[in-house]
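Peer 1: Handing over work04.cif, mmCIF, C-alpha atoms.
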data_coords
loop_
_atom_site.label_atom_id
_atom_site.label_comp_id
_atom_site.auth_asym_id
_atom_site.auth_seq_id
_atom_site.Cartn_x
_atom_site.Cartn_y
_atom_site.Cartn_z
CA MET A 794 14.33 2.15 -12.13
CA ALA A 795 12.58 0.93 -15.25
CA ARG A 796 8.80 1.02 -15.12
CA THR A 797 7.00 -2.26 -15.65
CA THR A 798 4.24 -1.51 -18.11
CA ARG A 799 0.90 -2.91 -17.03
CA ARG A 800 -1.32 -2.75 -20.05
CA GLY A 801 -2.59 -6.30 -20.47
CA PRO A 802 -3.83 -8.16 -22.26
CA TYR A 803 -5.86 -9.36 -19.32
CA ILE A 804 -8.18 -12.32 -18.99
CA CYS A 805 -10.63 -10.49 -16.73
CA GLY A 806 -10.99 -7.55 -14.36
CA ILE A 807 -9.56 -9.53 -11.44
CA ASP A 808 -6.43 -10.18 -13.51
CA ALA A 809 -6.07 -6.43 -14.21
CA ALA A 810 -6.70 -5.48 -10.57
CA LEU A 811 -4.26 -8.03 -9.15
CA ASP A 812 -1.61 -6.78 -11.57
CA VAL A 813 -1.76 -3.37 -9.85
CA VAL A 814 -1.74 -4.73 -6.28
CA SER A 815 0.77 -7.52 -6.89
CA GLY A 816 3.42 -7.86 -4.22
CA LYS A 817 3.15 -8.57 -0.53
CA TRP A 818 3.24 -4.96 0.65
CA LYS A 819 0.95 -2.99 -1.68
CA GLY A 820 -2.28 -4.01 0.02
CA LEU A 821 -0.76 -3.17 3.39
CA ILE A 822 0.46 0.20 2.11
CA LEU A 823 -3.10 0.93 0.95
CA TRP A 824 -4.42 -0.11 4.38
CA GLU A 825 -1.86 1.99 6.27
CA LEU A 826 -2.49 5.11 4.17
CA ASP A 827 -6.25 4.66 4.42
CA ALA A 828 -6.06 4.28 8.20
CA HIS A 829 -3.75 7.27 8.76
CA ARG A 830 -4.53 9.45 5.70
CA VAL A 831 -1.00 10.92 5.43
CA ARG A 832 2.25 9.17 6.30
CA ARG A 833 5.91 10.00 6.05
CA PHE A 834 8.22 7.24 4.84
CA ALA A 835 9.57 6.33 8.30
CA ALA A 836 6.05 6.11 9.76
CA LEU A 837 4.95 3.88 6.88
CA ARG A 838 7.94 1.62 7.43
CA ARG A 839 7.22 1.36 11.17
CA GLY A 840 3.62 0.43 10.38
CA LEU A 841 4.72 -2.41 8.11
CA PRO A 842 7.02 -4.68 10.14
CA GLY A 843 9.35 -6.67 7.92
CA VAL A 844 9.30 -4.42 4.86
CA SER A 845 12.74 -3.33 3.67
CA GLU A 846 13.47 0.27 2.76
CA LYS A 847 14.20 -0.81 -0.82
CA MET A 848 10.93 -2.72 -1.19
CA LEU A 849 8.84 0.07 0.35
CA THR A 850 10.48 2.62 -1.96
CA GLN A 851 9.89 0.40 -5.00
CA HIS A 852 6.23 -0.22 -4.16
CA LEU A 853 5.55 3.45 -3.41
CA ARG A 854 7.06 4.45 -6.77
CA GLU A 855 4.98 1.87 -8.63
CA MET A 856 1.83 2.91 -6.79
CA GLU A 857 2.53 6.55 -7.60
CA GLU A 858 2.98 5.67 -11.28
CA ASP A 859 -0.30 3.73 -11.18
CA GLY A 860 -2.09 6.76 -9.75
CA LEU A 861 -2.84 5.14 -6.38
CA VAL A 862 -0.50 7.17 -4.15
CA HIS A 863 0.26 10.89 -4.06
CA ARG A 864 3.79 11.92 -3.06
CA GLU A 865 4.11 15.46 -1.68
CA VAL A 866 7.60 16.92 -1.34
CA TYR A 867 7.97 20.00 0.86
CA ALA A 868 10.78 22.47 0.21
CA GLU A 869 12.24 22.32 3.69
CA VAL A 870 15.63 21.49 5.13
CA PRO A 871 15.75 18.57 5.61
CA PRO A 872 13.20 17.78 2.89
CA ARG A 873 9.88 16.39 4.08
CA VAL A 874 7.99 13.88 1.94
CA GLU A 875 4.46 12.73 2.70
CA TYR A 876 2.40 10.00 1.08
CA SER A 877 -1.37 9.77 0.82
CA LEU A 878 -3.94 7.90 -1.24
CA THR A 879 -5.38 9.44 -4.36
CA GLU A 880 -9.10 9.06 -5.01
CA HIS A 881 -8.16 6.20 -7.38
CA GLY A 882 -6.25 4.56 -4.50
CA ARG A 883 -9.20 5.03 -2.14
CA THR A 884 -11.54 3.32 -4.62
CA LEU A 885 -9.13 0.40 -4.89
CA ASN A 886 -8.91 0.17 -1.11
CA ARG A 887 -12.73 0.10 -0.88
CA ALA A 888 -12.82 -2.63 -3.53
CA LEU A 889 -10.35 -4.68 -1.50
CA GLY A 890 -12.63 -4.45 1.55
CA ALA A 891 -14.50 -7.65 0.64
CA LEU A 892 -11.20 -9.46 0.16
CA GLY A 893 -10.06 -8.24 3.59
CA ALA A 894 -13.29 -9.50 5.15
CA TRP A 895 -12.76 -12.88 3.50
CA GLY A 896 -9.19 -12.99 4.83
CA GLY A 897 -10.33 -12.02 8.33
CA GLU A 898 -12.87 -14.84 8.32
CA ARG A 899 -10.16 -17.25 7.16
CA MET A 900 -7.88 -16.14 10.00
CA ARG A 901 -10.67 -16.69 12.55
CA ARG A 902 -11.72 -20.04 11.06
CA GLU A 903 -8.18 -21.41 10.98
CA GLY A 904 -6.96 -19.72 14.17
CA LEU A 905 -4.19 -17.86 12.33
CA GLU A 906 -2.02 -15.35 14.15
CA VAL A 907 -2.54 -11.63 13.60
CA VAL A 908 0.43 -9.26 13.94
CA ASP A 909 -0.19 -6.45 16.42
CA VAL A 910 1.44 -3.27 15.10
CA ALA A 911 1.68 -0.59 17.80
CA GLY A 912 -1.56 -1.75 19.36
CA VAL A 913 -3.54 -1.66 16.09
CA SER A 914 -5.00 -4.90 14.74
CA HIS A 915 -4.83 -5.45 10.97
CA GLY A 916 -7.99 -7.59 10.93
#
Now, as a test, write the supplied structure out as structure tokens.
Peer 2:
Amino acid sequence: MARTTRRGPYICGIDAALDVVSGKWKGLILWELDAHRVRRFAALRRGLPGVSEKMLTQHLREMEEDGLVHREVYAEVPPRVEYSLTEHGRTLNRALGALGAWGGERMRREGLEVVDVAGVSHG
């Protein structure tokens, strides 16, 4: 898969940040890895209802290339692969906290539905 180079030019910092988290699933991948620290692919997929295997794989690869996600492959049979946030990914997740709070307030204000994933609210 060809890497999409993200090197600007950018109009502002928000433009540069949104370039890295573009796509429906990247913010949720950050949230899931922050909440659970380490996840295998199948567990990540279960935690993100509606994501396809192809899209999750693509986003994880991009996030690894951007230095947000660490992929650890264990030499076992069958191979075990685990994903976790890098420090760079954790700082991005913290930065997105205010955006999440804004979104939560919007959901409350407008009475929008929240998906319940295995008993854990994403609010």
Peer 1: Taking the file as shown, find all residues satisfying the PyMOL selection byres ((chain A and resi 826-838) around 6) and write them as a PyMOL selection string.
Peer 2: chain A and resi 823-825+839-841+875-877
Peer 1: Return the single residue from A:Met848, A:Leu885, A:Arg864, A:Arg902 that is closest to Ala809 in chain A, with distances computed using all atoms listed in the file.
Peer 2: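 Counting all atoms listed in the file, the residue closest to Ala809 in chain A is A:Leu885.
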Peer 1: In Å, with one decimal, what is the gap from CA of Met856 in chain A to CA of Val813 in chain A?
Peer 2: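 Separation of CA of Met856 in chain A and CA of Val813 in chain A: 7.9 Å.
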Peer 1: Could you work out how far CA of Leu878 in chain A lies from CA of Leu861 in chain A, giving the answer in Å with one decimal?
Peer 2: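 It comes out at 5.9 Å.
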Peer 1: Just how far from CA of Leu811 in chain A is CA of Glu865 in chain A, in Å to one decimal?
Peer 2: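 One can read the CA of Glu865 in chain A to CA of Leu811 in chain A distance as 26.0 Å.
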Peer 1: Tell me which of A:Gly820, A:Ser815, A:Gly801, A:Leu853 sits closest to Arg887 in chain A, counting all atoms listed in the file.
Peer 2: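 Nearest to Arg887 in chain A: A:Gly820.
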Peer 1: Find the spatial neighbours of Thr879 in chain A, counting all atoms listed in the file, within a cut-off of 7 Å - ignore same-chain residues fewer than 2 positions away - and output them as a VMD selection string.
Peer 2: chain A and resid 860 to 863 877 881 to 883
Peer 1: Those same residues - C-alpha atoms - I'd like them written as an mmCIF file, in the frame of the given file.
Peer 2:
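For reference, part12.cif as written:
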data_model
loop_
_atom_site.group_PDB
_atom_site.id
_atom_site.type_symbol
_atom_site.label_atom_id
_atom_site.label_comp_id
_atom_site.auth_asym_id
_atom_site.auth_seq_id
_atom_site.Cartn_x
_atom_site.Cartn_y
_atom_site.Cartn_z
ATOM 1 C CA GLY A 860 -2.090 6.760 -9.750
ATOM 2 C CA LEU A 861 -2.840 5.140 -6.380
ATOM 3 C CA VAL A 862 -0.500 7.170 -4.150
ATOM 4 C CA HIS A 863 0.260 10.890 -4.060
ATOM 5 C CA SER A 877 -1.370 9.770 0.820
ATOM 6 C CA HIS A 881 -8.160 6.200 -7.380
ATOM 7 C CA GLY A 882 -6.250 4.560 -4.500
ATOM 8 C CA ARG A 883 -9.200 5.030 -2.140
#
Peer 1: Rank A:Leu849, A:Leu892, A:Leu821, A:Val870 by their smallest atom-to-atom distance to Ile807 in chain A, using only C-alpha atoms, and report the top residue only.
Peer 2: A:Leu892
Peer 1: Kindly compute an axis-aligned box around the listed atoms of range 813-826 of chain A, allowing 6 Å on each side, and express its centre and edge lengths in Å to one decimal as lines of an AutoDock Vina configuration file.
Peer 2:
center_x = -0.5
center_y = -1.7
center_z = -1.8
size_x = 19.8
size_y = 25.7
size_z = 28.1
